[in-house]
Every structure is written in C-alpha cells, then in structure tokens.
$ cat run_34.cif   # mmCIF, C-alpha atoms
data_start
#
loop_
_atom_site.label_atom_id
_atom_site.label_comp_id
_atom_site.auth_asym_id
_atom_site.auth_seq_id
_atom_site.Cartn_x
_atom_site.Cartn_y
_atom_site.Cartn_z
CA MET A 26 167.05 167.93 134.23
CA MET A 27 166.97 165.12 136.75
CA LYS A 28 165.65 167.47 139.42
CA LYS A 29 162.92 168.68 137.08
CA ARG A 30 161.82 165.11 136.43
CA LYS A 31 161.77 164.36 140.14
CA ASN A 32 159.65 167.43 140.87
CA LEU A 33 157.23 166.54 138.08
CA SER A 34 156.91 163.01 139.40
CA ARG A 35 156.32 164.24 142.94
CA LEU A 36 153.69 166.68 141.65
CA SER A 37 151.87 164.00 139.67
CA TYR A 38 151.92 161.67 142.69
CA HIS A 39 150.29 164.26 144.94
CA GLY A 40 147.84 165.29 142.23
CA VAL A 41 146.71 161.71 141.57
CA ARG A 42 146.51 161.00 145.30
CA ILE A 43 144.21 163.95 145.92
CA ILE A 44 142.05 163.39 142.83
CA LEU A 45 141.49 159.74 143.68
CA GLY A 46 140.78 160.65 147.29
CA VAL A 47 138.14 163.17 146.32
CA ILE A 48 136.53 160.62 143.98
CA PHE A 49 136.23 158.11 146.80
CA ILE A 50 134.78 160.69 149.19
CA TYR A 51 132.26 161.83 146.58
CA ALA A 52 131.31 158.22 145.80
CA SER A 53 130.61 157.46 149.45
CA TYR A 54 128.42 160.47 150.22
CA ASP A 55 125.09 159.36 148.71
CA LYS A 56 125.57 155.79 149.92
CA ILE A 57 126.08 156.95 153.51
CA SER A 58 123.13 159.33 153.24
CA HIS A 59 120.76 156.66 151.88
CA PRO A 60 121.72 153.27 153.33
CA LYS A 61 118.41 151.56 152.48
CA ALA A 62 118.60 152.65 148.85
CA PHE A 63 122.22 151.49 148.68
CA ALA A 64 121.24 148.13 150.16
CA GLU A 65 118.71 147.81 147.28
CA VAL A 66 121.51 148.52 144.82
CA VAL A 67 123.70 145.85 146.43
CA TYR A 68 120.77 143.40 146.37
CA ASN A 69 120.08 144.08 142.69
CA TYR A 70 123.64 143.13 141.75
CA GLN A 71 122.66 139.57 142.68
CA ILE A 72 126.21 138.61 143.70
CA LEU A 73 126.16 138.47 147.49
CA PRO A 74 124.03 136.13 149.62
CA ASP A 75 121.09 137.87 151.33
CA ASN A 76 122.69 137.87 154.78
CA LEU A 77 125.68 139.92 153.56
CA ILE A 78 123.70 142.61 151.76
CA ASN A 79 122.95 144.89 154.70
CA LEU A 80 126.44 144.46 156.16
CA THR A 81 127.94 145.48 152.82
CA ALA A 82 125.59 148.45 152.51
CA ILE A 83 126.54 149.62 156.00
CA PHE A 84 130.32 149.21 155.83
CA LEU A 85 131.32 149.67 152.19
CA PRO A 86 130.58 153.42 152.03
CA TRP A 87 132.61 153.94 155.20
CA ILE A 88 135.58 152.10 153.71
CA GLU A 89 135.28 154.41 150.70
CA ILE A 90 135.21 157.57 152.75
CA MET A 91 138.05 156.34 154.95
CA ILE A 92 140.20 155.60 151.87
CA GLY A 93 139.26 158.97 150.40
CA VAL A 94 140.22 160.91 153.51
CA LEU A 95 143.49 159.00 153.94
CA LEU A 96 144.40 159.55 150.27
CA VAL A 97 143.72 163.27 150.50
CA ALA A 98 145.65 163.52 153.78
CA GLY A 99 148.46 161.34 152.43
CA PHE A 100 148.35 159.27 155.60
CA TRP A 101 148.92 155.48 155.91
CA MET A 102 149.47 155.37 152.17
CA PRO A 103 150.73 151.78 151.79
CA GLY A 104 147.67 150.31 153.48
CA THR A 105 145.34 152.81 151.82
CA VAL A 106 146.42 152.05 148.27
CA ILE A 107 146.05 148.33 148.91
CA TRP A 108 142.44 149.00 149.93
CA SER A 109 141.79 151.25 146.95
CA ASN A 110 143.21 148.65 144.55
CA ILE A 111 141.10 145.90 146.09
CA LEU A 112 137.90 147.97 146.00
CA LEU A 113 138.40 149.07 142.41
CA VAL A 114 139.17 145.53 141.25
CA ILE A 115 135.98 144.33 142.99
CA TYR A 116 133.88 147.13 141.46
CA THR A 117 135.25 146.53 137.98
CA GLY A 118 134.72 142.79 138.32
CA ALA A 119 131.16 143.18 139.60
CA LEU A 120 130.23 145.58 136.81
CA GLY A 121 131.81 143.37 134.16
CA TYR A 122 130.15 140.23 135.53
CA ASN A 123 126.69 141.78 135.55
CA LEU A 124 127.14 143.39 132.16
CA ALA A 125 128.21 140.02 130.75
CA ARG A 126 125.08 138.32 132.08
CA GLY A 127 122.85 141.10 130.81
CA LEU A 128 121.60 142.36 134.15
CA ASP A 129 119.86 145.70 133.80
CA VAL A 130 120.54 147.29 137.18
CA ASN A 131 121.47 150.69 138.50
CA CYS A 132 125.23 151.08 138.76
CA GLY A 133 125.02 152.77 142.18
CA CYS A 134 128.56 154.00 141.62
CA PHE A 135 128.06 157.59 142.75
CA SER A 136 124.35 157.73 143.42
CA THR A 137 121.78 155.28 144.73
CA THR A 138 119.03 156.70 142.51
CA LYS A 139 120.56 158.30 139.44
CA GLY A 140 123.36 157.17 137.15
CA GLY A 141 121.47 154.78 134.92
CA SER A 142 122.01 151.10 134.18
CA ILE A 143 125.47 149.61 134.24
CA SER A 144 127.34 150.05 130.96
CA ILE A 145 130.78 149.70 129.44
CA GLU A 146 131.34 153.36 130.26
CA HIS A 147 131.19 152.61 133.99
CA ILE A 148 133.73 149.83 133.57
CA LEU A 149 136.06 152.08 131.60
CA TRP A 150 135.91 154.74 134.29
CA ASP A 151 136.67 152.16 136.96
CA LEU A 152 139.66 151.00 134.95
CA VAL A 153 140.90 154.59 134.80
CA PHE A 154 140.57 154.92 138.58
CA LEU A 155 142.25 151.55 139.04
CA SER A 156 145.18 152.62 136.89
CA LEU A 157 145.53 155.76 139.04
CA SER A 158 145.54 153.58 142.14
CA ILE A 159 148.13 151.23 140.68
CA TYR A 160 150.27 154.23 139.76
CA LEU A 161 150.14 155.38 143.39
CA SER A 162 151.06 151.88 144.59
CA PHE A 163 154.03 151.76 142.27
CA PHE A 164 155.15 155.18 143.40
CA ILE A 165 154.82 154.41 147.10
CA PHE A 166 156.36 150.97 147.17
CA ARG A 167 159.19 151.88 144.84
CA SER A 168 160.16 155.14 146.49
CA GLU A 169 159.95 153.72 150.03
CA THR A 170 162.51 151.03 149.19
CA ILE A 171 164.65 153.08 146.81
CA GLU A 172 167.66 153.18 149.13
CA ARG A 173 167.72 149.41 149.28
CA SER A 174 168.75 149.21 145.67
CA LYS A 175 171.85 151.37 146.27
CA MET B 21 161.03 157.51 138.33
CA PHE B 22 163.36 157.87 141.28
CA ILE B 23 162.35 160.05 144.18
CA LYS B 24 164.47 160.43 147.26
CA PHE B 25 162.61 161.19 150.45
CA GLN B 26 165.17 163.38 152.15
CA GLY B 27 166.17 162.33 155.62
CA LYS B 28 163.86 159.32 155.59
CA THR B 29 165.12 155.92 156.61
CA SER B 30 164.80 153.41 153.84
CA LYS B 31 162.70 150.35 154.47
CA THR B 32 163.23 146.76 153.48
CA LEU B 33 160.53 145.14 151.46
CA GLY B 34 159.60 143.05 154.47
CA GLN B 35 159.17 146.10 156.70
CA LEU B 36 157.06 147.79 154.09
CA PHE B 37 154.95 144.69 153.70
CA LEU B 38 154.32 144.52 157.45
CA GLN B 39 153.52 148.22 157.54
CA SER B 40 151.00 147.76 154.74
CA ILE B 41 149.35 144.86 156.52
CA TRP B 42 148.87 146.59 159.86
CA GLN B 43 147.61 149.75 158.15
CA PHE B 44 145.22 147.61 156.07
CA VAL B 45 143.87 145.96 159.22
CA ALA B 46 143.69 149.27 161.10
CA ILE B 47 141.69 150.88 158.29
CA PHE B 48 139.29 147.92 158.31
CA ALA B 49 138.89 148.06 162.11
CA LEU B 50 138.26 151.82 162.09
CA THR B 51 135.75 151.47 159.29
CA VAL B 52 133.85 148.70 161.08
CA PHE B 53 133.76 150.78 164.27
CA LEU B 54 132.60 153.92 162.45
CA GLY B 55 130.06 152.18 160.25
CA PHE B 56 128.55 150.18 163.09
CA SER B 57 128.45 153.08 165.57
CA ILE B 58 126.90 155.58 163.21
CA ASN B 59 124.40 153.07 161.86
CA GLN B 60 123.22 152.25 165.38
CA PHE B 61 122.38 155.82 166.26
CA ARG B 62 120.97 157.20 163.04
CA ASP B 63 117.27 157.61 162.14
CA SER B 64 117.60 155.64 158.90
CA ARG B 65 119.21 152.73 160.69
CA LEU B 66 119.71 149.59 158.62
CA PRO B 67 119.46 146.24 160.44
CA LEU B 68 122.66 144.22 160.17
CA PHE B 69 120.74 141.37 158.55
CA GLY B 70 117.77 142.14 156.31
CA ASP B 71 114.88 140.14 154.91
CA TRP B 72 115.38 140.19 151.15
CA SER B 73 112.69 137.70 150.22
CA VAL B 74 110.27 138.76 147.47
CA GLU B 75 107.43 139.03 149.98
CA ALA B 76 109.38 141.35 152.25
CA ARG B 77 110.64 143.53 149.40
CA LEU B 78 107.23 143.95 147.90
CA THR B 79 105.39 144.80 151.12
CA THR B 80 104.45 148.44 151.60
CA PRO B 81 105.14 150.19 154.93
CA SER B 82 101.46 149.74 155.74
CA GLY B 83 101.81 145.98 155.27
CA ILE B 84 100.15 145.51 151.89
CA GLN B 85 101.66 142.78 149.68
CA LEU B 86 102.33 144.14 146.22
CA ASN B 87 103.34 140.96 144.41
CA LEU B 88 100.85 138.62 142.85
CA SER B 89 101.25 135.18 141.32
CA LEU B 90 101.20 134.37 137.62
CA ILE B 91 97.91 132.50 138.06
CA GLU B 92 96.27 135.52 139.68
CA ALA B 93 97.60 137.77 136.92
CA LYS B 94 96.40 135.34 134.24
CA ASN B 95 92.89 135.18 135.76
CA LEU B 96 92.64 138.96 135.84
CA PHE B 97 93.88 139.09 132.25
CA MET B 98 91.33 136.52 131.05
CA GLN B 99 88.50 138.33 132.81
CA LYS B 100 89.72 141.63 131.33
CA LYS B 101 89.63 143.06 134.83
CA CYS B 102 92.97 144.84 134.92
CA ILE B 103 95.45 146.91 132.97
CA PHE B 104 99.03 145.75 132.54
CA ILE B 105 101.74 148.38 132.48
CA ASP B 106 105.18 147.54 131.16
CA ALA B 107 107.92 149.32 133.13
CA ARG B 108 110.74 148.34 130.77
CA PRO B 109 112.42 150.69 128.26
CA LYS B 110 110.37 151.41 125.15
CA ASP B 111 112.64 149.32 122.90
CA ASP B 112 112.05 146.23 125.01
CA TYR B 113 108.30 146.88 125.01
CA GLU B 114 108.20 147.19 121.23
CA ARG B 115 110.10 143.91 120.80
CA GLY B 116 107.36 142.18 122.74
CA HIS B 117 104.94 142.70 125.63
CA ILE B 118 101.93 141.20 127.37
CA ARG B 119 98.96 141.57 125.07
CA GLY B 120 97.22 144.87 125.64
CA ALA B 121 99.86 146.16 128.04
CA ARG B 122 100.69 149.84 128.05
CA SER B 123 104.24 151.10 128.01
CA LEU B 124 105.34 153.39 130.83
CA PRO B 125 109.13 153.03 131.09
CA TRP B 126 110.27 153.83 134.63
CA HIS B 127 113.03 156.12 133.34
CA GLU B 128 110.41 158.20 131.48
CA VAL B 129 107.70 158.10 134.12
CA ASP B 130 107.67 161.85 134.72
CA GLN B 131 107.24 162.63 131.03
CA ARG B 132 104.73 159.93 130.12
CA PHE B 133 102.69 159.27 133.24
CA MET B 134 99.78 161.56 132.38
CA GLU B 135 99.59 160.42 128.78
CA VAL B 136 99.53 156.72 129.70
CA THR B 137 97.18 156.84 132.68
CA LYS B 138 94.76 159.69 131.87
CA ASP B 139 91.91 157.30 131.08
CA ILE B 140 92.52 154.89 133.99
CA SER B 141 90.38 155.36 137.09
CA LEU B 142 92.03 155.23 140.49
CA GLU B 143 90.15 152.04 141.38
CA THR B 144 91.16 150.10 138.25
CA PRO B 145 93.40 147.12 139.08
CA ILE B 146 96.85 147.71 137.59
CA ILE B 147 99.62 145.14 137.26
CA THR B 148 103.13 146.38 136.58
CA TYR B 149 105.85 144.13 135.28
CA CYS B 150 109.37 144.11 133.89
CA ASP B 151 111.87 141.34 133.19
CA GLY B 152 114.22 139.46 135.49
CA LYS B 153 113.91 138.38 139.13
CA THR B 154 115.97 141.34 140.27
CA CYS B 155 114.41 143.94 138.00
CA ASP B 156 113.00 146.59 140.32
CA LEU B 157 111.51 148.84 137.63
CA SER B 158 108.05 147.35 138.11
CA HIS B 159 108.36 147.75 141.87
CA LYS B 160 109.37 151.40 141.57
CA LEU B 161 106.59 152.05 139.07
CA ALA B 162 104.03 150.37 141.33
CA ASN B 163 105.09 152.53 144.30
CA PHE B 164 104.90 155.61 142.12
CA LEU B 165 101.37 154.76 140.93
CA ILE B 166 100.30 154.21 144.53
CA GLU B 167 101.69 157.62 145.47
CA MET B 168 99.72 159.09 142.56
CA GLY B 169 96.54 157.75 144.09
CA PHE B 170 95.91 154.44 142.34
CA LYS B 171 94.39 152.12 144.91
CA ASN B 172 94.81 148.70 143.39
CA VAL B 173 98.34 148.21 142.09
CA LYS B 174 100.21 144.92 142.02
CA VAL B 175 103.54 143.70 140.73
CA LEU B 176 104.14 140.59 138.64
CA VAL B 177 107.77 139.84 139.51
CA ASN B 178 109.81 138.76 136.46
CA GLY B 179 106.53 139.23 134.61
CA TRP B 180 107.68 139.21 131.01
CA THR B 181 109.70 135.96 131.28
CA LYS B 182 107.02 134.20 133.35
CA TRP B 183 104.28 135.25 130.90
CA GLN B 184 106.19 133.96 127.87
CA ASN B 185 107.20 130.73 129.58
CA ALA B 186 103.53 130.06 130.31
CA ASP B 187 102.67 130.66 126.61
CA LEU B 188 100.21 133.37 127.53
CA PRO B 189 99.08 135.95 124.93
CA ILE B 190 101.68 138.48 123.87
CA ASP B 191 102.08 141.13 121.22
CA LYS B 192 105.33 141.15 119.31
CA GLU B 193 107.02 143.50 116.87
CA GLY B 194 105.48 143.01 113.48
CA SER B 195 102.56 140.92 114.71
CA ASN B 196 98.87 141.92 114.35
#

$ encode --input "run_34.cif" --output "structure tokens"
Amino acid sequence: MMKKRKNLSRLSYHGVRIILGVIFIYASYDKISHPKAFAEVVYNYQILPDNLINLTAIFLPWIEIMIGVLLVAGFWMPGTVIWSNILLVIYTGALGYNLARGLDVNCGCFSTTKGGSISIEHILWDLVFLSLSIYLSFFIFRSETIERSK
Amino acid sequence: MFIKFQGKTSKTLGQLFLQSIWQFVAIFALTVFLGFSINQFRDSRLPLFGDWSVEARLTTPSGIQLNLSLIEAKNLFMQKKCIFIDARPKDDYERGHIRGARSLPWHEVDQRFMEVTKDISLETPIITYCDGKTCDLSHKLANFLIEMGFKNVKVLVNGWTKWQNADLPIDKEGSN
C-alpha cells in the first residue's frame, strides 16, 4: 500500500512537472516570435517605467522558455521551481492589479495579439498554475531533505 | 507524501538552499545571455531602451504623426469636417459617445468595417478614439483604416475621457 502511494506520488510529480513545463514553453513562443508586439503588451500594463519595458519584453520570454525546458527535462529543479513560483506570483499580481483598476488591456498571456482583455478567468488559470508550481516546490524540497528527519 | 530517492545522499536544508540560489542565478545568467544574443542578431531586433512617448507610439513608419490634440479635434468637430469613430466595445459606445460618432469596435472590425465605412470617402478626415491613456484600440483601428486606404486618419488619445472633461457634446444612452 505504501509502495503504491509512493509510485502515485512520483507519477503525479513527473506529470505536473512536464505539464507546467509545456505551458511555459507554449507561453513563451509567441512572445519570442513577436518582440515588438510583446513590448506593446508590457507597455499597456502600465506598471513598469518606460526604460524597463523593452528589457522586460526581450528577457521575460526567454526566462519562460528556460523554465519550461528545465521543468520538462527535470534539471536544476530547486532553482527552476523558485523561478516558476516568482513568475506566476508576478503574473497573478499584475493581472489582479490591472483588473482592480479597470484597465482594459490584452492579457498577452499566451499570445501578443489574441486572447482578449484581462479577466478573472486569466487570474484563476494563473492561480491553478501557481498551485502546480507550489506542489512541485513542496515535493522537491521535502523529498530532498527527507533523510534529515530520520 | 514520502519519497525516497534511492542511493541519493540526503541534503541539509542549508545545502539545498545554496543549491537553489546558485541554480536561480545560473538560470538568470543563461537567460540574459540567450535573450541578449538572439535579440542582437535577429531581424525584428528590439532596442534595449525604447521611446514610449505618445508621439513615438503614434508615428507611422513613414514618419506621420497620428495623434492630434483635443483642440484640433474640437475645431474639426465644430466645423463638421471629420467623422469620429469609436473603437470601444459596443456596450461602452451605447452608454455614451462623442456626438455623431460611429461605432466600430476594434474586436469586431472585420465584421463591421464595410457596414460602418461604406459611405465614407478615402479623403474624409477620420478621428478614432477610445478611453484611457493606455487604450490602444483607437491606435489599432487607425492603422487598420490607413491600410484600407483612408488617407486622413488621426487618433485622439484618451478621447472619450478628454471629450467629457472638456464638456464637449456627447450622446448618451436614453438621450435625444
């Protein structure tokens, strides 16, 4: 019974890791392909000062794809999940902030042109992804130090 | 949820923390290197620091300024020398719009373009507007109209708010 539970847990860990990785890779694709359009999206969020907009538009998609690849490969997991948690908290916060102040802007979550205005649905999805990322963190940090508790 | 990684040396919390930190930094460094390198050598290269002023954003590749001031828009309105087109969603338009403005929501432009513009000549001055300093619907609509052949298209940035604040004529839901 114990062994069955362990196998199920290991399976869910790998499944979540790969799903989240694919999501990040998919999210980065359009942003890397259309940097100018993504810079417009970043500008329209009206959060960053003007001199950080292009830098964000250049580097953020590459952080996403890097996290995605590392999650899928299962490599450097402790550092990777920290990045994924940080990014998802930032995205959720930015969406929530702009929704609260009534800004009608393109989400830019997976596409720089389609996807529609930001909505509660986008926030809910981000919270789902964040919970997956937190689950991975828990799994990694707990299992890596499990022997310490013995 | 206890999983034993067979044959793996256990780590202290401190070791794991340090491992996380150096991996975090390494990921950042790799990303910066990749992002910078690829950006430098691609056709659609983005400058590291961009000009995001209204004038720069509303200048066409050929150097034409698309934005116009409220005073210019008001003068054209008073002289009945232009057509205003509201780029906001239909619901917003019906709640209130610049008097005489036509509704062509950006998200429905493909479906409604012909219907809204069929009687407008290509030389007629058109002013697009939406609401909010960062609203880019009017900008997108203006660029679309230019691509469709209209020769005299301008954008009134944050048009709806500016127009109301200046107490200029509007049509509202339920009004004559």

$ resolve_selection --input "run_34.cif" --expression "the PyMOL selection byres ((chain B and resi 109) around 9)" --output "PDB file with C-alpha atoms, keeping the file's coordinate frame"
ATOM      1  CA  ASP B 106     105.180 147.540 131.160  1.00  0.00           C
ATOM      2  CA  ALA B 107     107.920 149.320 133.130  1.00  0.00           C
ATOM      3  CA  ARG B 108     110.740 148.340 130.770  1.00  0.00           C
ATOM      4  CA  LYS B 110     110.370 151.410 125.150  1.00  0.00           C
ATOM      5  CA  ASP B 111     112.640 149.320 122.900  1.00  0.00           C
ATOM      6  CA  ASP B 112     112.050 146.230 125.010  1.00  0.00           C
ATOM      7  CA  TYR B 113     108.300 146.880 125.010  1.00  0.00           C
ATOM      8  CA  GLU B 114     108.200 147.190 121.230  1.00  0.00           C
ATOM      9  CA  SER B 123     104.240 151.100 128.010  1.00  0.00           C
ATOM     10  CA  LEU B 124     105.340 153.390 130.830  1.00  0.00           C
ATOM     11  CA  PRO B 125     109.130 153.030 131.090  1.00  0.00           C
ATOM     12  CA  TRP B 126     110.270 153.830 134.630  1.00  0.00           C
ATOM     13  CA  HIS B 127     113.030 156.120 133.340  1.00  0.00           C
ATOM     14  CA  GLU B 128     110.410 158.200 131.480  1.00  0.00           C
TER      15      GLU B 128
END

$ atom_distance --input "run_34.cif" --atom1 "atom CA of A:Ile159" --atom2 "atom CA of B:Gln43"
17.5 Å

$ resolve_selection --input "run_34.cif" --expression "the PyMOL selection byres ((chain A and resi 95-99) around 12)" --output "PyMOL selection string"
(chain A and resi 38-50+88-94+100-109+157-158+161-162+165) or (chain B and resi 43-44+47)

$ residues_around --input "run_34.cif" --residues "B:Leu161" --least-positions-apart "3" --cutoff "8 Å" --atoms "all atoms listed in the file" --output "PDB file with C-alpha atoms, in the coordinates of the input"
ATOM      1  CA  ALA B 107     107.920 149.320 133.130  1.00  0.00           C
ATOM      2  CA  TRP B 126     110.270 153.830 134.630  1.00  0.00           C
ATOM      3  CA  VAL B 129     107.700 158.100 134.120  1.00  0.00           C
ATOM      4  CA  THR B 148     103.130 146.380 136.580  1.00  0.00           C
ATOM      5  CA  LEU B 157     111.510 148.840 137.630  1.00  0.00           C
ATOM      6  CA  SER B 158     108.050 147.350 138.110  1.00  0.00           C
ATOM      7  CA  PHE B 164     104.900 155.610 142.120  1.00  0.00           C
ATOM      8  CA  LEU B 165     101.370 154.760 140.930  1.00  0.00           C
TER       9      LEU B 165
END

$ residues_around --input "run_34.cif" --residues "A:Gly133" --least-positions-apart "6" --cutoff "12 Å" --atoms "all atoms listed in the file" --output "ChimeraX atom specification"
/A:52-56,59-60,62-70,82,86,116,119-120,139-144,147

$ closest_residue --input "run_34.cif" --among "B:Phe61, B:Phe53, B:Tyr149, B:Trp72" --to "chain A" --atoms "only C-alpha atoms"
B:Trp72

$ atom_distance --input "run_34.cif" --atom1 "atom CA of B:Leu86" --atom2 "atom CA of B:Lys171"
11.3 Å

$ resolve_selection --input "run_34.cif" --expression "the PyMOL selection byres ((chain B) within 8 of (chain A))" --output "PyMOL selection string"
chain B and resi 21-25+30-33+36+39-44+47-48+51-52+54-56+59+64-72+154-156

$ atom_distance --input "run_34.cif" --atom1 "atom CA of B:Arg119" --atom2 "atom CA of B:Pro145"
16.1 Å

$ residues_around --input "run_34.cif" --residues "B:Thr137" --least-positions-apart "6" --cutoff "12 Å" --atoms "all atoms listed in the file" --output "PyMOL selection string"
chain B and resi 103-105+121-124+129-131+144+146+165+168-170
